[in-house]
Amino acid sequence: MLRVAKKAFAPLLIAMIVLFAVLTIWALATPPVLTEKVQKQSLYRCVSYDYKVYPVESTLYPVGTDPLGPEEAPFFANLTEEVVFNATAEIIDMDQTSIPLYEASFKVEVLVRAPDQWEKSLPFEPPVEVLQAEDESIQFSSSFVLPVNQAKKVSEIIAEETDVRPRGDLNLVVQSYLYNSEEENNKALEAEYVFIIDGAMLKTDPEGELFFGDDEVTLETKTSPNYLKLLGAALDVSRSRVIFPPLLGASLIAGGYTVVDYRKKRSNLKDTFTFKYNKIKKRYGSRIIEASEIKGVVSPKALLVEVKEIKELMRISDEIERPVLQVVSKNDNKRISVQFYVAGDEAIYFFRLQS
C-alpha cells in the first residue's frame, strides 16, 4: 500500500503544480476590480414663464372677466390694461456637492427689438426674490408688469434718430439667465419669450416656449469586485491572488525536494554499487573471468542457484575447481547489473550485484 502511494505521489504532485500554475496566472492576469463609467445627474436647472393679461372693461370683456392666459392670445392692445409677467427659476443640486447654491443667481431683462435691424435693452430691472433656499435647492421668482408703452416710446425715439422705421412688427422680449455661481466660466441657462406688437394687436411667437430646463450630467466611476468562476463557484480575484501563488510555491518546493531526494537516493545506490564492485574486483579480480554472455544451461537437469554473498560463490568455485565468470548487462531503465557465475555439473551458481 505504501509503495502504491509513493508511485502515485509524483504524478499527483505534477498535476498540482500545473493546476496551481494555471490558477495563479489566471488570477494575476485578471483585474481584481471592474470599473465602469456611470452617468450621474448632478444638477437640475429650470426656468418657467407665465403671464396674465388683464383686459379693459368693454363689450368683449365685461366686469368680472377673469385675466386672460397665454392660450387665449392674441390680445387687443386697446383692450389690454396690463400684462403681468411671471418668471420662476429653480436649481437642484442632486448630489449636494457640485455647487455652492448660495452663489446662484437669476437675472431678468426686458428689451425691445426690431427684427434684423436693432435691439435695445430697456432701463427696466424686474425685481427678483428668493422663494426658497435649502441645502440642496434654491428657487427664484420675478413678477412685473410688462412695459409695453415704454417699449413703443423707445422704438419711436430710435426711429426718429435713425430716420428708419422698423420693417416688420416690433418685438418686446423677456430674457432671463440662471447662473449656478459667480464663476466667470459658469454657463447660464438662458430663456427667452417674445411678444409681438402688431399695430392694434399684441401677439406671441407661436413657437415660443414657456418652460426651459437642462441637466448637468457627470460621469462617475463605479467599481465592483471581480470574480473567477471555477467549477460553478465564484472566487474573489483579490483573494485568489493571496491563495494560489503560495500554493504554487509550496507545490514547487515539494516538487524540488522530491527531485533532489530522488537524485540523492539514486546517487547513494550508484555509490554503493561502485563500492561493492570495486571491493570484489580488488579481492577476487585475479580469479574472475569476464564473459560477454551466458546463453543457457547445457544439461536440462542443471539448477540455477543464487547465493547471497560473493565469498560463498568463491568457496563453491574452490570446492568444484571451476572458474568464476562475470557478465555485465543493462536493463531498460539503464540500471547496471553484474552477475558472477560458477558452472557446476548439476547446478549453476551465481551472485548478482545491481546498481
# chains A, B, ... in the order shown; residues from 1 in each chain; ligands from 1
$ select_by_dssp --residues "region 103-258 of chain A" --states "strand (DSSP E or B)" --output "number ranges by chain"
A: 105-114, 118-121, 129-133, 137-145, 170-179, 189-198, 201-204, 211-225, 227-230, 233-236
$ residues_around --residues "Gly255 (chain A)" --least-positions-apart "3" --cutoff "9 Å" --atoms "only C-alpha atoms" --output "PyMOL selection string"
chain A and resi 10+13-14+17+250-252+258-260
$ closest_atom_pairs --of "region 2-71 of chain A" --to "region 199-212 of chain A" --cutoff "7 Å" --atoms "only C-alpha atoms" --output "Markdown table"
| residue | atom | partner | partner_atom | distance |
| --- | --- | --- | --- | --- |
| A:Cys46 | CA | A:Phe212 | CA | 5.5 |
| A:Val47 | CA | A:Phe212 | CA | 5.1 |
| A:Ser48 | CA | A:Phe211 | CA | 4.4 |
| A:Tyr49 | CA | A:Leu210 | CA | 4.8 |
| A:Asp50 | CA | A:Leu210 | CA | 6.7 |
$ atom_distance --atom1 "CA of Asp116 (chain A)" --atom2 "CA of Arg167 (chain A)"
8.6 Å
$ select_by_dssp --residues "region 57-262 of chain A" --states "alpha helix (DSSP H)" --output "ChimeraX atom specification"
/A:148-162,237-262
$ write_last_selection --atoms "N, CA and C atoms" --output "tab-separated table (two decimals), in the first residue's frame"
chain	number	residue	atom	x	y	z
A	148	VAL	N	-45.09	97.65	-22.03
A	148	VAL	CA	-45.42	97.74	-23.46
A	148	VAL	C	-45.30	99.17	-23.96
A	149	ASN	N	-45.86	100.11	-23.23
A	149	ASN	CA	-45.84	101.51	-23.68
A	149	ASN	C	-44.41	102.05	-23.71
A	150	GLN	N	-43.58	101.63	-22.72
A	150	GLN	CA	-42.20	102.08	-22.70
A	150	GLN	C	-41.45	101.56	-23.92
A	151	ALA	N	-41.74	100.32	-24.31
A	151	ALA	CA	-41.10	99.75	-25.49
A	151	ALA	C	-41.48	100.53	-26.75
A	152	LYS	N	-42.75	100.95	-26.85
A	152	LYS	CA	-43.19	101.72	-28.02
A	152	LYS	C	-42.49	103.08	-28.07
A	153	LYS	N	-42.33	103.74	-26.91
A	153	LYS	CA	-41.69	105.05	-26.87
A	153	LYS	C	-40.22	104.94	-27.30
A	154	VAL	N	-39.51	103.93	-26.79
A	154	VAL	CA	-38.11	103.75	-27.16
A	154	VAL	C	-37.99	103.49	-28.66
A	155	SER	N	-38.91	102.70	-29.21
A	155	SER	CA	-38.89	102.41	-30.65
A	155	SER	C	-39.10	103.69	-31.47
A	156	GLU	N	-40.00	104.55	-31.00
A	156	GLU	CA	-40.26	105.80	-31.72
A	156	GLU	C	-39.03	106.70	-31.69
A	157	ILE	N	-38.36	106.75	-30.55
A	157	ILE	CA	-37.17	107.58	-30.43
A	157	ILE	C	-36.08	107.09	-31.39
A	158	ILE	N	-35.88	105.77	-31.43
A	158	ILE	CA	-34.86	105.21	-32.32
A	158	ILE	C	-35.21	105.46	-33.77
A	159	ALA	N	-36.51	105.38	-34.11
A	159	ALA	CA	-36.93	105.62	-35.49
A	159	ALA	C	-36.66	107.07	-35.89
A	160	GLU	N	-36.93	108.02	-34.96
A	160	GLU	CA	-36.68	109.43	-35.25
A	160	GLU	C	-35.18	109.69	-35.42
A	161	GLU	N	-34.37	109.04	-34.55
A	161	GLU	CA	-32.93	109.27	-34.61
A	161	GLU	C	-32.29	108.66	-35.85
A	162	THR	N	-32.80	107.53	-36.27
A	162	THR	CA	-32.22	106.85	-37.44
A	162	THR	C	-32.93	107.17	-38.73
A	237	VAL	N	-11.10	37.71	-7.04
A	237	VAL	CA	-9.78	37.74	-7.66
A	237	VAL	C	-8.71	38.17	-6.65
A	238	SER	N	-9.03	39.15	-5.83
A	238	SER	CA	-8.06	39.60	-4.82
A	238	SER	C	-7.70	38.47	-3.87
A	239	ARG	N	-8.70	37.71	-3.46
A	239	ARG	CA	-8.43	36.59	-2.57
A	239	ARG	C	-7.67	35.49	-3.30
A	240	SER	N	-7.97	35.31	-4.59
A	240	SER	CA	-7.26	34.30	-5.38
A	240	SER	C	-5.78	34.62	-5.47
A	241	ARG	N	-5.45	35.92	-5.58
A	241	ARG	CA	-4.05	36.32	-5.65
A	241	ARG	C	-3.31	36.04	-4.35
A	242	VAL	N	-4.05	35.94	-3.26
A	242	VAL	CA	-3.43	35.63	-1.97
A	242	VAL	C	-3.29	34.12	-1.78
A	243	ILE	N	-4.23	33.36	-2.37
A	243	ILE	CA	-4.27	31.91	-2.12
A	243	ILE	C	-3.39	31.13	-3.09
A	244	PHE	N	-3.56	31.36	-4.41
A	244	PHE	CA	-2.95	30.48	-5.40
A	244	PHE	C	-1.42	30.60	-5.51
A	245	PRO	N	-0.83	31.81	-5.52
A	245	PRO	CA	0.64	31.87	-5.60
A	245	PRO	C	1.35	31.13	-4.47
A	246	PRO	N	0.92	31.25	-3.19
A	246	PRO	CA	1.58	30.45	-2.15
A	246	PRO	C	1.42	28.94	-2.35
A	247	LEU	N	0.25	28.53	-2.83
A	247	LEU	CA	0.05	27.10	-3.10
A	247	LEU	C	0.97	26.63	-4.22
A	248	LEU	N	1.13	27.47	-5.25
A	248	LEU	CA	2.06	27.12	-6.33
A	248	LEU	C	3.48	27.04	-5.79
A	249	GLY	N	3.85	28.02	-4.96
A	249	GLY	CA	5.20	28.00	-4.39
A	249	GLY	C	5.43	26.76	-3.54
A	250	ALA	N	4.43	26.38	-2.73
A	250	ALA	CA	4.57	25.21	-1.88
A	250	ALA	C	4.70	23.94	-2.71
A	251	SER	N	3.89	23.85	-3.78
A	251	SER	CA	3.96	22.65	-4.63
A	251	SER	C	5.29	22.58	-5.38
A	252	LEU	N	5.83	23.75	-5.80
A	252	LEU	CA	7.14	23.76	-6.46
A	252	LEU	C	8.25	23.36	-5.49
A	253	ILE	N	8.15	23.82	-4.26
A	253	ILE	CA	9.14	23.43	-3.25
A	253	ILE	C	9.08	21.93	-3.00
A	254	ALA	N	7.84	21.41	-2.89
A	254	ALA	CA	7.68	19.96	-2.69
A	254	ALA	C	8.23	19.18	-3.87
A	255	GLY	N	7.97	19.70	-5.10
A	255	GLY	CA	8.50	19.04	-6.29
A	255	GLY	C	10.01	19.06	-6.32
A	256	GLY	N	10.60	20.23	-5.97
A	256	GLY	CA	12.06	20.32	-5.94
A	256	GLY	C	12.67	19.39	-4.92
A	257	TYR	N	12.04	19.31	-3.75
A	257	TYR	CA	12.54	18.42	-2.71
A	257	TYR	C	12.47	16.96	-3.16
A	258	THR	N	11.39	16.62	-3.84
A	258	THR	CA	11.22	15.25	-4.32
A	258	THR	C	12.30	14.89	-5.34
A	259	VAL	N	12.57	15.82	-6.28
A	259	VAL	CA	13.60	15.57	-7.29
A	259	VAL	C	14.97	15.42	-6.64
A	260	VAL	N	15.29	16.31	-5.70
A	260	VAL	CA	16.59	16.24	-5.02
A	260	VAL	C	16.73	14.93	-4.24
A	261	ASP	N	15.63	14.57	-3.56
A	261	ASP	CA	15.67	13.33	-2.77
A	261	ASP	C	15.85	12.11	-3.67
A	262	TYR	N	15.15	12.13	-4.83
A	262	TYR	CA	15.26	11.01	-5.77
A	262	TYR	C	16.69	10.89	-6.31
$ atom_distance --atom1 "CA of Glu90 (chain A)" --atom2 "CA of Ile138 (chain A)"
5.7 Å
$ decode --residues "region 106-120 of chain A" --atoms "all heavy atoms" --output "PDB file, in the first residue's frame"
ATOM      1  N   PHE A 106     -30.275  84.759 -10.430  1.00  0.00           N
ATOM      2  CA  PHE A 106     -31.267  84.767 -11.506  1.00  0.00           C
ATOM      3  C   PHE A 106     -31.450  86.218 -11.944  1.00  0.00           C
ATOM      4  O   PHE A 106     -31.714  87.106 -11.122  1.00  0.00           O
ATOM      5  CB  PHE A 106     -32.580  84.175 -11.002  1.00  0.00           C
ATOM      6  CG  PHE A 106     -33.649  84.050 -12.043  1.00  0.00           C
ATOM      7  CD1 PHE A 106     -33.409  83.398 -13.239  1.00  0.00           C
ATOM      8  CD2 PHE A 106     -34.910  84.607 -11.832  1.00  0.00           C
ATOM      9  CE1 PHE A 106     -34.398  83.278 -14.211  1.00  0.00           C
ATOM     10  CE2 PHE A 106     -35.904  84.494 -12.790  1.00  0.00           C
ATOM     11  CZ  PHE A 106     -35.652  83.826 -13.981  1.00  0.00           C
ATOM     12  N   LYS A 107     -31.286  86.445 -13.243  1.00  0.00           N
ATOM     13  CA  LYS A 107     -31.364  87.796 -13.786  1.00  0.00           C
ATOM     14  C   LYS A 107     -32.425  87.839 -14.878  1.00  0.00           C
ATOM     15  O   LYS A 107     -32.486  86.952 -15.735  1.00  0.00           O
ATOM     16  CB  LYS A 107     -30.002  88.194 -14.354  1.00  0.00           C
ATOM     17  CG  LYS A 107     -29.963  89.593 -14.938  1.00  0.00           C
ATOM     18  CD  LYS A 107     -28.563  89.888 -15.499  1.00  0.00           C
ATOM     19  CE  LYS A 107     -28.511  91.284 -16.112  1.00  0.00           C
ATOM     20  NZ  LYS A 107     -27.167  91.586 -16.693  1.00  0.00           N
ATOM     21  N   VAL A 108     -33.261  88.889 -14.860  1.00  0.00           N
ATOM     22  CA  VAL A 108     -34.326  89.066 -15.857  1.00  0.00           C
ATOM     23  C   VAL A 108     -34.129  90.413 -16.538  1.00  0.00           C
ATOM     24  O   VAL A 108     -33.888  91.436 -15.867  1.00  0.00           O
ATOM     25  CB  VAL A 108     -35.719  88.986 -15.205  1.00  0.00           C
ATOM     26  CG1 VAL A 108     -36.809  89.156 -16.276  1.00  0.00           C
ATOM     27  CG2 VAL A 108     -35.906  87.664 -14.477  1.00  0.00           C
ATOM     28  N   GLU A 109     -34.234  90.431 -17.867  1.00  0.00           N
ATOM     29  CA  GLU A 109     -34.123  91.657 -18.656  1.00  0.00           C
ATOM     30  C   GLU A 109     -35.298  91.760 -19.611  1.00  0.00           C
ATOM     31  O   GLU A 109     -35.853  90.741 -20.050  1.00  0.00           O
ATOM     32  CB  GLU A 109     -32.816  91.682 -19.459  1.00  0.00           C
ATOM     33  CG  GLU A 109     -31.556  91.737 -18.621  1.00  0.00           C
ATOM     34  CD  GLU A 109     -30.308  91.777 -19.479  1.00  0.00           C
ATOM     35  OE1 GLU A 109     -30.424  91.553 -20.715  1.00  0.00           O
ATOM     36  OE2 GLU A 109     -29.225  92.022 -18.938  1.00  0.00           O
ATOM     37  N   VAL A 110     -35.643  92.985 -19.953  1.00  0.00           N
ATOM     38  CA  VAL A 110     -36.670  93.251 -20.966  1.00  0.00           C
ATOM     39  C   VAL A 110     -36.048  94.150 -22.022  1.00  0.00           C
ATOM     40  O   VAL A 110     -35.402  95.164 -21.698  1.00  0.00           O
ATOM     41  CB  VAL A 110     -37.909  93.924 -20.348  1.00  0.00           C
ATOM     42  CG1 VAL A 110     -38.969  94.174 -21.432  1.00  0.00           C
ATOM     43  CG2 VAL A 110     -38.492  93.065 -19.233  1.00  0.00           C
ATOM     44  N   LEU A 111     -36.237  93.780 -23.281  1.00  0.00           N
ATOM     45  CA  LEU A 111     -35.676  94.591 -24.364  1.00  0.00           C
ATOM     46  C   LEU A 111     -36.679  94.709 -25.499  1.00  0.00           C
ATOM     47  O   LEU A 111     -37.607  93.897 -25.629  1.00  0.00           O
ATOM     48  CB  LEU A 111     -34.349  94.002 -24.834  1.00  0.00           C
ATOM     49  CG  LEU A 111     -34.316  92.530 -25.273  1.00  0.00           C
ATOM     50  CD1 LEU A 111     -34.628  92.401 -26.754  1.00  0.00           C
ATOM     51  CD2 LEU A 111     -32.943  91.933 -24.985  1.00  0.00           C
ATOM     52  N   VAL A 112     -36.467  95.724 -26.313  1.00  0.00           N
ATOM     53  CA  VAL A 112     -37.293  95.936 -27.493  1.00  0.00           C
ATOM     54  C   VAL A 112     -36.424  95.650 -28.703  1.00  0.00           C
ATOM     55  O   VAL A 112     -35.244  96.012 -28.739  1.00  0.00           O
ATOM     56  CB  VAL A 112     -37.875  97.365 -27.517  1.00  0.00           C
ATOM     57  CG1 VAL A 112     -36.787  98.420 -27.519  1.00  0.00           C
ATOM     58  CG2 VAL A 112     -38.789  97.559 -28.720  1.00  0.00           C
ATOM     59  N   ARG A 113     -36.999  95.000 -29.710  1.00  0.00           N
ATOM     60  CA  ARG A 113     -36.229  94.544 -30.858  1.00  0.00           C
ATOM     61  C   ARG A 113     -36.983  94.805 -32.160  1.00  0.00           C
ATOM     62  O   ARG A 113     -38.180  94.492 -32.268  1.00  0.00           O
ATOM     63  CB  ARG A 113     -35.954  93.058 -30.719  1.00  0.00           C
ATOM     64  CG  ARG A 113     -35.226  92.411 -31.893  1.00  0.00           C
ATOM     65  CD  ARG A 113     -35.191  90.904 -31.748  1.00  0.00           C
ATOM     66  NE  ARG A 113     -34.452  90.472 -30.562  1.00  0.00           N
ATOM     67  CZ  ARG A 113     -34.640  89.289 -29.963  1.00  0.00           C
ATOM     68  NH1 ARG A 113     -35.549  88.447 -30.437  1.00  0.00           N
ATOM     69  NH2 ARG A 113     -33.938  88.982 -28.900  1.00  0.00           N
ATOM     70  N   ALA A 114     -36.252  95.371 -33.125  1.00  0.00           N
ATOM     71  CA  ALA A 114     -36.738  95.457 -34.498  1.00  0.00           C
ATOM     72  C   ALA A 114     -36.017  94.359 -35.261  1.00  0.00           C
ATOM     73  O   ALA A 114     -34.801  94.486 -35.507  1.00  0.00           O
ATOM     74  CB  ALA A 114     -36.451  96.817 -35.103  1.00  0.00           C
ATOM     75  N   PRO A 115     -36.688  93.260 -35.593  1.00  0.00           N
ATOM     76  CA  PRO A 115     -36.009  92.103 -36.190  1.00  0.00           C
ATOM     77  C   PRO A 115     -35.142  92.495 -37.382  1.00  0.00           C
ATOM     78  O   PRO A 115     -35.556  93.285 -38.243  1.00  0.00           O
ATOM     79  CB  PRO A 115     -37.163  91.188 -36.599  1.00  0.00           C
ATOM     80  CG  PRO A 115     -38.269  91.554 -35.676  1.00  0.00           C
ATOM     81  CD  PRO A 115     -38.139  93.034 -35.462  1.00  0.00           C
ATOM     82  N   ASP A 116     -33.922  91.959 -37.369  1.00  0.00           N
ATOM     83  CA  ASP A 116     -32.936  92.163 -38.433  1.00  0.00           C
ATOM     84  C   ASP A 116     -32.470  93.613 -38.534  1.00  0.00           C
ATOM     85  O   ASP A 116     -31.813  93.980 -39.518  1.00  0.00           O
ATOM     86  CB  ASP A 116     -33.493  91.722 -39.798  1.00  0.00           C
ATOM     87  CG  ASP A 116     -33.875  90.250 -39.818  1.00  0.00           C
ATOM     88  OD1 ASP A 116     -33.174  89.452 -39.154  1.00  0.00           O
ATOM     89  OD2 ASP A 116     -34.866  89.900 -40.476  1.00  0.00           O
ATOM     90  N   GLN A 117     -32.799  94.449 -37.509  1.00  0.00           N
ATOM     91  CA  GLN A 117     -32.347  95.838 -37.550  1.00  0.00           C
ATOM     92  C   GLN A 117     -31.600  96.213 -36.265  1.00  0.00           C
ATOM     93  O   GLN A 117     -30.428  96.549 -36.315  1.00  0.00           O
ATOM     94  CB  GLN A 117     -33.538  96.786 -37.771  1.00  0.00           C
ATOM     95  CG  GLN A 117     -34.105  96.703 -39.198  1.00  0.00           C
ATOM     96  CD  GLN A 117     -35.264  97.660 -39.399  1.00  0.00           C
ATOM     97  OE1 GLN A 117     -36.318  97.498 -38.789  1.00  0.00           O
ATOM     98  NE2 GLN A 117     -35.071  98.663 -40.263  1.00  0.00           N
ATOM     99  N   TRP A 118     -32.263  96.180 -35.161  1.00  0.00           N
ATOM    100  CA  TRP A 118     -31.625  96.578 -33.910  1.00  0.00           C
ATOM    101  C   TRP A 118     -32.399  95.989 -32.729  1.00  0.00           C
ATOM    102  O   TRP A 118     -33.541  95.523 -32.872  1.00  0.00           O
ATOM    103  CB  TRP A 118     -31.544  98.111 -33.786  1.00  0.00           C
ATOM    104  CG  TRP A 118     -32.878  98.809 -34.002  1.00  0.00           C
ATOM    105  CD1 TRP A 118     -33.324  99.377 -35.153  1.00  0.00           C
ATOM    106  CD2 TRP A 118     -33.918  98.975 -33.033  1.00  0.00           C
ATOM    107  NE1 TRP A 118     -34.579  99.899 -34.999  1.00  0.00           N
ATOM    108  CE2 TRP A 118     -34.962  99.670 -33.680  1.00  0.00           C
ATOM    109  CE3 TRP A 118     -34.089  98.640 -31.708  1.00  0.00           C
ATOM    110  CZ2 TRP A 118     -36.154 100.017 -33.038  1.00  0.00           C
ATOM    111  CZ3 TRP A 118     -35.266  98.988 -31.065  1.00  0.00           C
ATOM    112  CH2 TRP A 118     -36.275  99.665 -31.718  1.00  0.00           C
ATOM    113  N   GLU A 119     -31.783  96.058 -31.567  1.00  0.00           N
ATOM    114  CA  GLU A 119     -32.467  95.740 -30.328  1.00  0.00           C
ATOM    115  C   GLU A 119     -31.866  96.588 -29.212  1.00  0.00           C
ATOM    116  O   GLU A 119     -30.689  96.965 -29.263  1.00  0.00           O
ATOM    117  CB  GLU A 119     -32.384  94.250 -29.973  1.00  0.00           C
ATOM    118  CG  GLU A 119     -31.012  93.735 -29.618  1.00  0.00           C
ATOM    119  CD  GLU A 119     -31.057  92.254 -29.220  1.00  0.00           C
ATOM    120  OE1 GLU A 119     -31.939  91.537 -29.723  1.00  0.00           O
ATOM    121  OE2 GLU A 119     -30.203  91.850 -28.417  1.00  0.00           O
ATOM    122  N   LYS A 120     -32.674  96.883 -28.214  1.00  0.00           N
ATOM    123  CA  LYS A 120     -32.253  97.784 -27.154  1.00  0.00           C
ATOM    124  C   LYS A 120     -32.836  97.313 -25.826  1.00  0.00           C
ATOM    125  O   LYS A 120     -34.043  97.096 -25.705  1.00  0.00           O
ATOM    126  CB  LYS A 120     -32.746  99.207 -27.470  1.00  0.00           C
ATOM    127  CG  LYS A 120     -32.504 100.228 -26.372  1.00  0.00           C
ATOM    128  CD  LYS A 120     -31.022 100.494 -26.168  1.00  0.00           C
ATOM    129  CE  LYS A 120     -30.820 101.597 -25.116  1.00  0.00           C
ATOM    130  NZ  LYS A 120     -29.393 101.823 -24.825  1.00  0.00           N
TER     131      LYS A 120
END
